[in-house]
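Here's my_file.csv, which has CSV, C-alpha atoms and all ligand atoms:
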chain,number,residue,atom,x,y,z
A,487,MET,CA,155.9,19.6,99.4
A,488,GLU,CA,158.2,16.7,100.1
A,489,LEU,CA,160.5,17.1,103.1
A,490,SER,CA,163.6,16.9,100.8
A,491,GLU,CA,162.2,19.8,98.8
A,492,LEU,CA,161.4,21.7,101.9
A,493,VAL,CA,165.0,21.2,103.2
A,494,ALA,CA,166.5,22.3,99.8
A,495,HIS,CA,164.3,25.4,99.9
A,496,LEU,CA,165.3,26.1,103.4
A,497,GLN,CA,169.0,25.7,102.6
A,498,GLN,CA,168.6,28.3,99.8
A,499,GLN,CA,167.0,30.8,102.1
A,500,ALA,CA,169.7,30.0,104.8
A,501,ALA,CA,172.5,30.6,102.3
A,502,ALA,CA,171.1,34.0,101.6
A,503,GLN,CA,171.6,34.9,105.3
A,504,LYS,CA,174.9,33.1,105.5
A,505,LEU,CA,173.4,30.4,107.6
A,506,ARG,CA,173.9,26.6,107.2
A,507,LEU,CA,171.5,23.9,108.0
A,508,HIS,CA,170.8,20.3,107.2
A,509,GLU,CA,167.9,17.8,107.2
A,510,LYS,CA,168.5,16.7,110.8
A,511,ASN,CA,167.8,20.3,112.0
A,512,VAL,CA,164.3,20.2,110.5
A,513,TYR,CA,163.6,16.7,112.0
A,514,ARG,CA,164.7,17.9,115.4
A,515,ILE,CA,162.5,20.9,115.4
A,516,LEU,CA,159.6,18.7,114.4
A,517,SER,CA,160.3,16.2,117.1
A,518,ALA,CA,160.7,19.0,119.7
A,519,LEU,CA,157.2,20.3,118.7
A,520,LEU,CA,155.8,17.1,120.1
A,521,ALA,CA,157.2,18.1,123.5
A,522,THR,CA,156.8,21.9,123.7
A,523,SER,CA,155.2,24.9,122.1
A,524,ASP,CA,157.7,27.3,123.8
A,525,PHE,CA,160.1,28.7,121.2
A,526,TRP,CA,163.1,28.9,123.5
A,527,GLN,CA,162.7,25.3,124.6
A,528,LEU,CA,162.3,24.3,120.9
A,529,ILE,CA,165.8,25.8,120.2
A,530,ASP,CA,167.1,24.1,123.3
A,531,TYR,CA,165.8,20.6,122.2
A,532,ALA,CA,166.8,21.1,118.6
A,533,ASP,CA,170.3,22.4,119.1
A,534,VAL,CA,170.2,25.0,116.3
A,535,PRO,CA,171.3,28.7,116.3
A,536,VAL,CA,168.3,31.0,117.0
A,537,PRO,CA,168.3,32.5,113.4
A,538,THR,CA,168.2,29.0,111.9
A,539,GLY,CA,165.4,27.9,114.2
A,540,VAL,CA,163.4,31.0,113.2
A,541,LEU,CA,163.9,30.2,109.5
A,542,ILE,CA,162.7,26.6,110.0
A,543,VAL,CA,159.7,27.5,112.1
A,544,ARG,CA,158.6,30.2,109.6
A,545,GLU,CA,159.0,27.9,106.7
A,546,LEU,CA,157.0,25.2,108.5
A,547,GLU,CA,154.3,27.8,109.0
A,548,GLN,CA,154.4,28.8,105.3
A,549,GLN,CA,153.9,25.1,104.4
A,550,GLY,CA,151.0,24.7,106.8
A,551,TYR,CA,152.8,22.3,109.2
A,552,VAL,CA,152.7,24.7,112.2
A,553,THR,CA,150.7,27.7,113.5
A,554,ILE,CA,152.5,30.5,115.3
A,555,ASP,CA,150.6,32.3,118.1
A,556,SER,CA,152.9,35.1,119.1
A,557,GLU,CA,151.4,35.1,122.6
A,558,ASN,CA,151.2,31.4,123.3
A,559,GLY,CA,153.8,29.6,121.2
A,560,ILE,CA,154.2,27.3,118.2
A,561,PHE,CA,151.9,24.4,117.5
A,562,LEU,CA,151.8,21.5,115.0
A,563,THR,CA,148.8,21.5,112.7
A,564,ASP,CA,147.0,18.3,111.7
A,565,GLN,CA,149.2,18.4,108.5
A,566,GLY,CA,152.2,18.8,110.7
A,567,ARG,CA,151.2,15.8,112.8
A,568,GLU,CA,150.8,13.7,109.7
A,569,LEU,CA,154.3,14.7,108.6
A,570,VAL,CA,155.7,13.8,112.0
A,571,GLU,CA,154.0,10.4,111.8
A,572,LYS,CA,155.2,9.8,108.2
A,573,PHE,CA,158.8,10.2,109.4
A,574,HIS,CA,158.2,8.2,112.6
A,575,LEU,CA,159.5,11.1,114.7
A,576,VAL,CA,159.0,10.9,118.5
A,577,ALA,CA,159.2,13.5,121.2
A,578,PRO,CA,162.7,14.0,122.6
A,579,VAL,CA,163.4,11.6,125.5
A,580,ASN,CA,165.3,12.9,128.6
A,581,ALA,CA,167.4,10.0,129.9
A,582,HIS,CA,169.9,12.2,131.6
A,583,CYS,CA,170.9,11.3,135.2
A,584,PRO,CA,168.8,13.7,137.3
A,585,ALA,CA,171.3,13.6,140.2
A,586,CYS,CA,174.2,15.2,138.2
A,587,GLU,CA,172.0,17.0,135.7
A,588,GLY,CA,173.5,14.9,133.0
A,589,ARG,CA,177.1,16.1,133.4
A,590,GLY,CA,178.6,13.0,135.0
A,591,TYR,CA,180.1,15.1,137.8
A,592,ALA,CA,178.2,15.7,141.0
A,593,TYR,CA,178.1,19.3,142.1
A,594,TRP,CA,176.7,18.2,145.5
A,595,LEU,CA,179.6,15.9,146.3
A,596,ASP,CA,181.1,18.5,148.7
A,597,LYS,CA,177.9,20.1,150.1
A,598,GLU,CA,179.7,22.5,152.3
A,599,PHE,CA,181.8,23.9,149.4
A,600,TYR,CA,178.6,24.1,147.2
A,601,ARG,CA,176.8,26.0,150.0
A,602,ARG,CA,179.7,28.4,150.4
A,603,PHE,CA,180.0,29.1,146.7
A,604,ILE,CA,176.3,29.9,146.5
A,605,GLU,CA,176.6,32.3,149.4
A,606,ILE,CA,179.4,34.2,147.7
A,607,ALA,CA,178.0,34.0,144.1
A,608,LYS,CA,174.7,35.6,145.1
A,609,ASP,CA,176.4,39.1,145.3
A,610,ARG,CA,178.2,38.8,141.9
A,611,PRO,CA,177.8,41.7,139.4
A,612,LYS,CA,174.8,41.5,137.1
A,613,PRO,CA,175.4,40.3,133.5
A,614,LEU,CA,176.4,43.1,131.0
A,615,ARG,CA,175.3,43.0,127.3
A,616,ASN,CA,178.5,44.7,126.0
A,617,TYR,CA,180.6,41.7,127.2
A,618,ASP,CA,178.0,39.0,126.2
A,619,GLN,CA,177.7,38.0,129.8
A,620,ALA,CA,175.3,35.3,131.1
A,621,SER,CA,176.5,33.4,134.1
A,622,VAL,CA,176.2,29.6,134.3
A,623,THR,CA,174.3,28.2,137.2
A,624,PRO,CA,176.3,27.7,140.5
A,625,GLU,CA,175.7,24.0,140.0
A,626,THR,CA,177.6,24.3,136.6
A,627,THR,CA,180.5,26.2,138.1
A,628,VAL,CA,180.9,23.7,141.0
A,629,ALA,CA,180.6,20.7,138.6
A,630,ARG,CA,183.5,22.3,136.6
A,631,VAL,CA,185.6,22.2,139.8
A,632,GLN,CA,184.6,18.6,140.5
A,633,MET,CA,185.6,17.6,137.0
A,634,LEU,CA,189.0,19.3,137.4
A,635,LYS,CA,189.5,17.5,140.6
A,636,HIS,CA,188.4,14.1,139.1
A,637,LEU,CA,190.8,14.4,136.2
A,638,GLY,CA,193.8,15.5,138.2
A,639,ASP,CA,193.7,19.0,136.8
A,640,LEU,CA,193.3,20.8,140.2
A,641,HIS,CA,195.7,19.6,143.0
A,642,GLN,CA,198.9,21.6,143.0
A,643,LYS,CA,198.2,22.9,139.5
A,644,GLU,CA,198.9,26.3,138.1
A,645,ILE,CA,195.6,27.3,136.4
A,646,ILE,CA,194.7,30.3,134.2
A,647,VAL,CA,191.1,31.4,133.6
A,648,LEU,CA,190.7,33.5,130.5
A,649,GLY,CA,187.5,35.6,130.6
A,650,ALA,CA,184.0,34.4,131.4
A,651,GLU,CA,184.7,35.1,135.0
A,652,ASP,CA,181.0,36.1,135.3
A,653,ASP,CA,180.8,32.3,136.0
A,654,LEU,CA,183.2,32.7,138.9
A,655,THR,CA,185.0,29.6,137.9
A,656,GLY,CA,188.4,31.1,138.8
A,657,LEU,CA,187.1,32.2,142.2
A,658,ALA,CA,185.6,28.8,142.9
A,659,ILE,CA,188.9,27.1,142.0
A,660,ALA,CA,190.7,29.5,144.3
A,661,MET,CA,188.2,28.7,147.1
A,662,THR,CA,189.2,25.0,147.1
A,663,ARG,CA,192.8,26.1,148.1
A,664,LEU,CA,193.9,23.0,146.2
A,665,ALA,CA,195.6,24.7,143.2
A,666,ARG,CA,199.1,26.0,143.5
A,667,ARG,CA,198.2,29.2,141.6
A,668,VAL,CA,195.1,30.6,140.0
A,669,LEU,CA,195.4,33.6,137.6
A,670,ILE,CA,192.0,35.1,136.6
A,671,LEU,CA,191.8,37.4,133.6
A,672,ASP,CA,188.7,39.3,132.5
A,673,ILE,CA,187.9,42.5,130.6
A,674,ASP,CA,185.2,43.5,133.1
A,675,ASP,CA,186.8,45.5,136.0
A,676,ARG,CA,183.6,44.9,138.1
A,677,LEU,CA,184.3,41.1,138.1
A,678,ILE,CA,188.0,41.6,138.8
A,679,GLU,CA,187.2,43.9,141.7
A,680,PHE,CA,184.6,41.4,143.0
A,681,ASP,CA,187.1,38.5,142.9
A,682,ARG,CA,189.8,40.6,144.5
A,683,THR,CA,187.5,41.5,147.4
A,684,ILE,CA,186.6,37.9,148.0
A,685,ILE,CA,190.2,36.7,147.6
A,686,ALA,CA,191.3,39.3,150.2
A,687,GLU,CA,188.4,38.4,152.6
A,688,LEU,CA,189.1,34.7,152.4
A,689,GLY,CA,192.9,35.1,152.5
A,690,LEU,CA,193.4,33.2,149.3
A,691,THR,CA,197.1,33.7,148.8
A,692,ASN,CA,197.3,31.5,145.7
A,693,ALA,CA,194.9,33.6,143.6
A,694,GLU,CA,195.2,36.9,141.6
A,695,ALA,CA,192.8,38.7,139.3
A,696,HIS,CA,193.7,41.2,136.5
A,697,VAL,CA,191.7,43.2,134.0
A,698,PHE,CA,192.8,42.0,130.6
A,699,ASP,CA,191.5,42.3,127.0
A,700,LEU,CA,192.1,39.0,125.3
A,701,ARG,CA,192.3,40.6,121.9
A,702,GLN,CA,195.8,41.6,123.0
A,703,PRO,CA,198.7,39.1,123.1
A,704,LEU,CA,199.4,37.6,126.5
A,705,PRO,CA,202.7,38.9,128.0
A,706,ASP,CA,205.6,36.5,127.8
A,707,GLU,CA,205.5,35.6,131.5
A,708,TRP,CA,202.1,33.9,131.0
A,709,VAL,CA,202.9,32.0,127.8
A,710,GLY,CA,203.9,28.4,128.5
A,711,ALA,CA,203.5,29.0,132.2
A,712,PHE,CA,200.4,27.0,133.2
A,713,ASP,CA,199.2,23.4,133.7
A,714,VAL,CA,195.6,24.0,132.9
A,715,PHE,CA,193.5,26.8,131.2
A,716,ILE,CA,189.7,27.4,131.4
A,717,THR,CA,187.6,29.6,129.2
A,718,ASP,CA,184.1,30.0,127.7
A,719,PRO,CA,184.3,32.0,124.5
A,720,PRO,CA,181.7,33.5,122.3
A,721,GLU,CA,181.4,31.3,119.2
A,722,THR,CA,182.9,33.7,116.6
A,723,HIS,CA,186.1,32.8,114.9
A,724,SER,CA,188.0,35.7,116.3
A,725,ALA,CA,186.8,34.9,119.9
A,726,PHE,CA,187.8,31.2,119.4
A,727,ARG,CA,191.3,32.5,118.6
A,728,ALA,CA,191.4,35.1,121.4
A,729,PHE,CA,190.1,32.7,124.1
A,730,VAL,CA,190.9,29.1,123.1
A,731,ALA,CA,194.1,29.4,121.0
A,732,ARG,CA,195.5,31.9,123.5
A,733,GLY,CA,194.6,29.5,126.3
A,734,ILE,CA,196.6,26.7,124.5
A,735,ALA,CA,199.5,29.1,124.3
A,736,THR,CA,199.6,29.3,128.1
A,737,LEU,CA,200.2,25.6,128.5
A,738,ARG,CA,203.6,24.4,129.7
A,739,GLY,CA,204.2,21.7,127.1
A,740,GLU,CA,202.9,18.4,125.9
A,741,GLY,CA,200.2,16.6,127.9
A,742,TYR,CA,198.7,19.7,129.6
A,743,SER,CA,195.0,20.4,129.4
A,744,GLY,CA,192.4,23.1,128.7
A,745,TYR,CA,188.6,23.4,129.2
A,746,PHE,CA,186.1,25.5,127.3
A,747,GLY,CA,182.4,25.7,126.4
A,748,LEU,CA,180.9,25.7,122.9
A,749,THR,CA,177.2,26.2,122.3
A,750,LEU,CA,174.9,25.4,119.4
A,751,ARG,CA,172.6,28.3,120.3
A,752,ASP,CA,174.9,30.9,118.8
A,753,ALA,CA,176.8,28.6,116.3
A,754,SER,CA,176.0,25.8,113.9
A,755,ILE,CA,177.4,22.3,113.9
A,756,PHE,CA,179.2,23.4,110.7
A,757,ARG,CA,181.1,26.1,112.7
A,758,TRP,CA,182.0,23.4,115.2
A,759,GLN,CA,183.6,21.4,112.4
A,760,GLU,CA,185.7,24.4,111.6
A,761,PHE,CA,186.7,24.8,115.2
A,762,GLN,CA,187.5,21.2,115.6
A,763,ARG,CA,189.7,21.4,112.5
A,764,ILE,CA,191.5,24.3,114.0
A,765,LEU,CA,192.1,22.4,117.2
A,766,LEU,CA,193.4,19.3,115.5
A,767,ASN,CA,195.1,20.6,112.4
A,768,ASP,CA,196.3,24.1,113.3
A,769,LEU,CA,196.8,24.0,117.0
A,770,GLY,CA,197.9,20.3,117.4
A,771,VAL,CA,195.8,19.3,120.4
A,772,VAL,CA,193.5,16.3,120.9
A,773,VAL,CA,189.9,16.5,122.2
A,774,THR,CA,189.6,14.2,125.2
A,775,ASP,CA,186.1,15.1,126.4
A,776,ILE,CA,182.9,16.7,125.1
A,777,ILE,CA,180.1,16.7,127.6
A,778,ARG,CA,176.7,17.6,126.1
A,779,ASN,CA,174.8,20.4,127.9
A,780,PHE,CA,177.3,20.5,130.8
A,781,ASN,CA,176.9,24.3,131.0
A,782,HIS,CA,173.5,25.8,131.9
A,783,TYR,CA,173.2,29.6,131.5
A,784,MET,CA,170.8,31.6,133.7
A,785,ASN,CA,168.6,33.9,131.6
A,786,TRP,CA,170.2,37.4,131.2
A,787,PRO,CA,168.5,40.7,131.9
A,788,TYR,CA,169.2,42.3,128.4
A,789,HIS,CA,167.4,39.6,126.5
A,790,SER,CA,164.7,42.0,125.1
A,791,GLU,CA,167.5,44.1,123.5
A,792,THR,CA,169.0,41.2,121.5
A,793,LEU,CA,168.6,40.1,117.9
A,794,ALA,CA,167.3,36.8,119.2
A,795,ALA,CA,164.4,38.5,120.9
A,796,ARG,CA,163.7,40.7,117.8
A,797,ILE,CA,163.6,37.8,115.3
A,798,ALA,CA,161.8,35.3,117.6
A,799,PRO,CA,158.4,34.4,116.2
A,800,VAL,CA,156.9,34.8,119.7
A,801,LYS,CA,156.8,37.6,122.2
A,802,GLN,CA,157.3,35.5,125.2
A,803,PRO,CA,160.8,35.8,126.8
A,804,PRO,CA,162.4,32.5,128.0
A,805,ARG,CA,160.8,31.2,131.1
A,806,THR,CA,163.2,28.3,131.7
A,807,ILE,CA,166.9,27.7,131.1
A,808,TRP,CA,167.3,27.1,127.4
A,809,TYR,CA,170.8,28.2,126.7
A,810,ARG,CA,173.3,25.4,127.2
A,811,SER,CA,176.8,24.6,126.0
A,812,PHE,CA,179.0,21.5,125.7
A,813,TRP,CA,182.1,21.4,127.8
A,814,TYR,CA,185.3,20.5,125.9
A,815,ARG,CA,188.5,19.3,127.4
A,816,ILE,CA,191.7,19.2,125.2
A,817,GLU,CA,195.2,18.0,125.8
A,818,THR,CA,198.3,19.3,124.1
A,819,LEU,CA,200.3,16.8,122.0
A,820,PRO,CA,203.9,16.9,120.7
A,821,GLY,CA,204.3,19.7,118.1
A,822,PHE,CA,201.3,21.7,119.4
A,823,THR,CA,201.2,25.4,118.4
A,824,ARG,CA,201.3,28.4,120.7
A,825,TRP,CA,199.3,31.1,119.0
A,826,ASN,CA,199.4,34.6,120.5
A,827,GLU,CA,198.8,37.2,117.9
A,828,PRO,CA,196.9,40.5,118.3
A,829,ILE,CA,193.2,40.5,117.1
A,830,GLN,CA,192.0,43.6,115.4
A,831,THR,CA,188.2,43.5,115.6
A,832,ASP,CA,185.3,44.9,117.6
A,833,ALA,CA,183.1,42.0,116.4
A,834,LEU,CA,184.2,39.5,119.0
A,835,TYR,CA,180.7,38.6,120.1
A,836,LEU,CA,178.4,38.5,117.1
A,837,ASP,CA,178.3,37.1,113.6
A,838,GLU,CA,175.6,35.8,111.3
A,839,GLU,CA,174.9,32.7,113.4
A,840,GLY,CA,175.0,34.5,116.8
A,841,SER,CA,172.1,36.5,118.1
A,842,THR,CA,172.0,36.5,121.9
A,843,THR,CA,174.3,39.4,122.6
B,1,LIG,N1,174.5,36.4,125.4
B,1,LIG,C1,174.1,35.5,126.4
B,1,LIG,C2,174.7,34.1,126.3
B,1,LIG,C3,176.1,34.2,126.1
B,1,LIG,C4,176.8,33.1,126.9
B,1,LIG,N2,178.1,32.9,126.3
B,1,LIG,C5,178.4,31.5,126.4
B,1,LIG,C6,179.5,31.2,125.4
B,1,LIG,C7,179.5,29.7,125.3
B,1,LIG,N3,180.8,29.3,124.7

Please lay out the structure from this file as structure tokens.
Ligand code: SPD
Amino acid sequence: MELSELVAHLQQQAAAQKLRLHEKNVYRILSALLATSDFWQLIDYADVPVPTGVLIVRELEQQGYVTIDSENGIFLTDQGRELVEKFHLVAPVNAHCPACEGRGYAYWLDKEFYRRFIEIAKDRPKPLRNYDQASVTPETTVARVQMLKHLGDLHQKEIIVLGAEDDLTGLAIAMTRLARRVLILDIDDRLIEFDRTIIAELGLTNAEAHVFDLRQPLPDEWVGAFDVFITDPPETHSAFRAFVARGIATLRGEGYSGYFGLTLRDASIFRWQEFQRILLNDLGVVVTDIIRNFNHYMNWPYHSETLAARIAPVKQPPRTIWYRSFWYRIETLPGFTRWNEPIQTDALYLDEEGSTT
């Protein structure tokens, strides 16, 4: 079978599952197979949602290009190696700066702060499946703070953190004592309690934390009241509205900024196009930064209960960090839209492309 036929066939199967893929996804899986036999690392290298990766790997097996050993991983066959050579594919090259882990912002710049954050974060509540929690590494959280500092989004700013406080980004910002105000919202009362305890222990008078369900509209006092918002939504359309559109609604006016993560592990590049259209066309903001693989998520304890684990062609759980997201920064422009409607759904975390909850 020619590769174009294989891709067309895959696209048909994908459409039946409401998935979307293109030729590049297949090339990247094939390239990645030159570097790893670990399914989770394959998804990481190839930047495809897990269900799409499963579909591609299964089809490559059907066509004789790979063998799947559920205990040991996925391997190119001789026929697979011929295919890879025919298309001049090479193993992925890691040219990221090792010092900053490829982010461009050094988490170690303020070593004492980094050390204090690690000391506090070690006692944070464990990730819960019902809120799709998986904390980013302490290095990621501290790099977020350094980036805020670098871009003038920290000193004397009023900052709101909407959910994802399992990353403790709000707490880390408060710990710098550089912001004028930090308001932390999360649906999980364990995290809010944790933050409140540390805020009280450290005497952080500029920080407050509240339990809040982002499906609800924000109260008027928080709309148009902040200089900067930070969030890390699940990649469903409803969550993008609840976390990101609502974040934009909190900004004071034109020229204010927001930060959020988007992954390709639980959403396709086609979904990203939809999100980017919403940002530019509906919400009237401009994207100033997208940093690839800025956010590294520590593996979560409920992995074996997830759809991702059930459909994976191997039994091995992830042994290394494989779940990453890109860090977006936006700025509001004249005429931007403050969207703050209620969201009536229970399906905030999962859809056809998502599988890790
Ligand atoms: N279910 C575990 C991983 C979920 C992490 N959420 C990250 C969202 C990125 N925008």

Checklist outcome for this item: Nearest to A:Phe746, restricted to only C-alpha atoms and choosing among A:Ala500, A:Leu648, A:Ala494, A:Ile684, comes out as A:Leu648

For a quick check of your reading of the model, name the residues lying within 12 Å of the coordinate (192.1, 20.1, 121.8), counting all atoms listed in the file, and write them as a JSON list (two decimals) with C-alpha atoms, in the frame of the given file.
[["chain", "number", "residue", "atom", "x", "y", "z"],
["A", 715, "PHE", "CA", 193.50, 26.80, 131.20],
["A", 730, "VAL", "CA", 190.90, 29.10, 123.10],
["A", 731, "ALA", "CA", 194.10, 29.40, 121.00],
["A", 733, "GLY", "CA", 194.60, 29.50, 126.30],
["A", 734, "ILE", "CA", 196.60, 26.70, 124.50],
["A", 735, "ALA", "CA", 199.50, 29.10, 124.30],
["A", 737, "LEU", "CA", 200.20, 25.60, 128.50],
["A", 740, "GLU", "CA", 202.90, 18.40, 125.90],
["A", 741, "GLY", "CA", 200.20, 16.60, 127.90],
["A", 742, "TYR", "CA", 198.70, 19.70, 129.60],
["A", 743, "SER", "CA", 195.00, 20.40, 129.40],
["A", 744, "GLY", "CA", 192.40, 23.10, 128.70],
["A", 745, "TYR", "CA", 188.60, 23.40, 129.20],
["A", 746, "PHE", "CA", 186.10, 25.50, 127.30],
["A", 761, "PHE", "CA", 186.70, 24.80, 115.20],
["A", 762, "GLN", "CA", 187.50, 21.20, 115.60],
["A", 763, "ARG", "CA", 189.70, 21.40, 112.50],
["A", 764, "ILE", "CA", 191.50, 24.30, 114.00],
["A", 765, "LEU", "CA", 192.10, 22.40, 117.20],
["A", 766, "LEU", "CA", 193.40, 19.30, 115.50],
["A", 767, "ASN", "CA", 195.10, 20.60, 112.40],
["A", 768, "ASP", "CA", 196.30, 24.10, 113.30],
["A", 769, "LEU", "CA", 196.80, 24.00, 117.00],
["A", 770, "GLY", "CA", 197.90, 20.30, 117.40],
["A", 771, "VAL", "CA", 195.80, 19.30, 120.40],
["A", 772, "VAL", "CA", 193.50, 16.30, 120.90],
["A", 773, "VAL", "CA", 189.90, 16.50, 122.20],
["A", 774, "THR", "CA", 189.60, 14.20, 125.20],
["A", 775, "ASP", "CA", 186.10, 15.10, 126.40],
["A", 776, "ILE", "CA", 182.90, 16.70, 125.10],
["A", 813, "TRP", "CA", 182.10, 21.40, 127.80],
["A", 814, "TYR", "CA", 185.30, 20.50, 125.90],
["A", 815, "ARG", "CA", 188.50, 19.30, 127.40],
["A", 816, "ILE", "CA", 191.70, 19.20, 125.20],
["A", 817, "GLU", "CA", 195.20, 18.00, 125.80],
["A", 818, "THR", "CA", 198.30, 19.30, 124.10],
["A", 819, "LEU", "CA", 200.30, 16.80, 122.00],
["A", 822, "PHE", "CA", 201.30, 21.70, 119.40],
["A", 823, "THR", "CA", 201.20, 25.40, 118.40]]

Distance table requested - chain A against ligand LIG 1 (chain B), cut-off 8 Å, all atoms listed in the file: one row per qualifying residue with the closest atom pair and its distance in Å to one decimal, ordered by chain and rising residue number, as JSON lines.
{"residue": "A:Arg615", "atom": "CA", "partner": "B:LIG1", "partner_atom": "N1", "distance": 6.9}
{"residue": "A:Asp618", "atom": "CA", "partner": "B:LIG1", "partner_atom": "N1", "distance": 4.4}
{"residue": "A:Gln619", "atom": "CA", "partner": "B:LIG1", "partner_atom": "C3", "distance": 5.5}
{"residue": "A:Ala620", "atom": "CA", "partner": "B:LIG1", "partner_atom": "C1", "distance": 4.9}
{"residue": "A:Ser621", "atom": "CA", "partner": "B:LIG1", "partner_atom": "C4", "distance": 7.2}
{"residue": "A:Ala650", "atom": "CA", "partner": "B:LIG1", "partner_atom": "N2", "distance": 7.9}
{"residue": "A:Asp718", "atom": "CA", "partner": "B:LIG1", "partner_atom": "N3", "distance": 4.5}
{"residue": "A:Pro719", "atom": "CA", "partner": "B:LIG1", "partner_atom": "N3", "distance": 4.4}
{"residue": "A:Pro720", "atom": "CA", "partner": "B:LIG1", "partner_atom": "C6", "distance": 4.4}
{"residue": "A:Glu721", "atom": "CA", "partner": "B:LIG1", "partner_atom": "N3", "distance": 5.9}
{"residue": "A:Phe746", "atom": "CA", "partner": "B:LIG1", "partner_atom": "N3", "distance": 7.0}
{"residue": "A:Gly747", "atom": "CA", "partner": "B:LIG1", "partner_atom": "N3", "distance": 4.3}
{"residue": "A:Leu748", "atom": "CA", "partner": "B:LIG1", "partner_atom": "N3", "distance": 4.0}
{"residue": "A:Thr749", "atom": "CA", "partner": "B:LIG1", "partner_atom": "C7", "distance": 5.2}
{"residue": "A:Tyr783", "atom": "CA", "partner": "B:LIG1", "partner_atom": "C4", "distance": 6.8}
{"residue": "A:Asn785", "atom": "CA", "partner": "B:LIG1", "partner_atom": "C1", "distance": 7.7}
{"residue": "A:Trp786", "atom": "CA", "partner": "B:LIG1", "partner_atom": "C1", "distance": 6.5}
{"residue": "A:His789", "atom": "CA", "partner": "B:LIG1", "partner_atom": "C1", "distance": 7.9}
{"residue": "A:Tyr809", "atom": "CA", "partner": "B:LIG1", "partner_atom": "C2", "distance": 7.1}
{"residue": "A:Arg810", "atom": "CA", "partner": "B:LIG1", "partner_atom": "C7", "distance": 7.8}
{"residue": "A:Ser811", "atom": "CA", "partner": "B:LIG1", "partner_atom": "C7", "distance": 5.8}
{"residue": "A:Ser841", "atom": "CA", "partner": "B:LIG1", "partner_atom": "N1", "distance": 7.7}
{"residue": "A:Thr842", "atom": "CA", "partner": "B:LIG1", "partner_atom": "N1", "distance": 4.3}
{"residue": "A:Thr843", "atom": "CA", "partner": "B:LIG1", "partner_atom": "N1", "distance": 4.1}

Item to check | Surrounding residues of A:Leu690 excluding itself and chain neighbours under 4 positions, 12 Å, all atoms listed in the file, as a ChimeraX atom specification | outcome: /A:656-669,681-686,694-695

What are the closest atom pairs, with distances in Å to one decimal, for all residues of stretch 554-669 of chain A lying within 9 Å of stretch 710-714 of chain A? Consider all atoms listed in the file, order rows by chain and residue number, and present the result as CSV.
residue,atom,partner,partner_atom,distance
A:Asp639,CA,A:Val714,CA,6.6
A:Leu640,CA,A:Val714,CA,8.3
A:Lys643,CA,A:Asp713,CA,5.9
A:Glu644,CA,A:Phe712,CA,5.2
A:Ile645,CA,A:Val714,CA,4.8
A:Ile646,CA,A:Val714,CA,6.5
A:Val647,CA,A:Val714,CA,8.7
A:Arg667,CA,A:Phe712,CA,9.0

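Distance annotation: of A:Ile678, A:Pro828, A:Gly649, A:Tyr591, the residue with the minimal separation from A:His636 is A:Tyr591; atom set is all atoms listed in the file.
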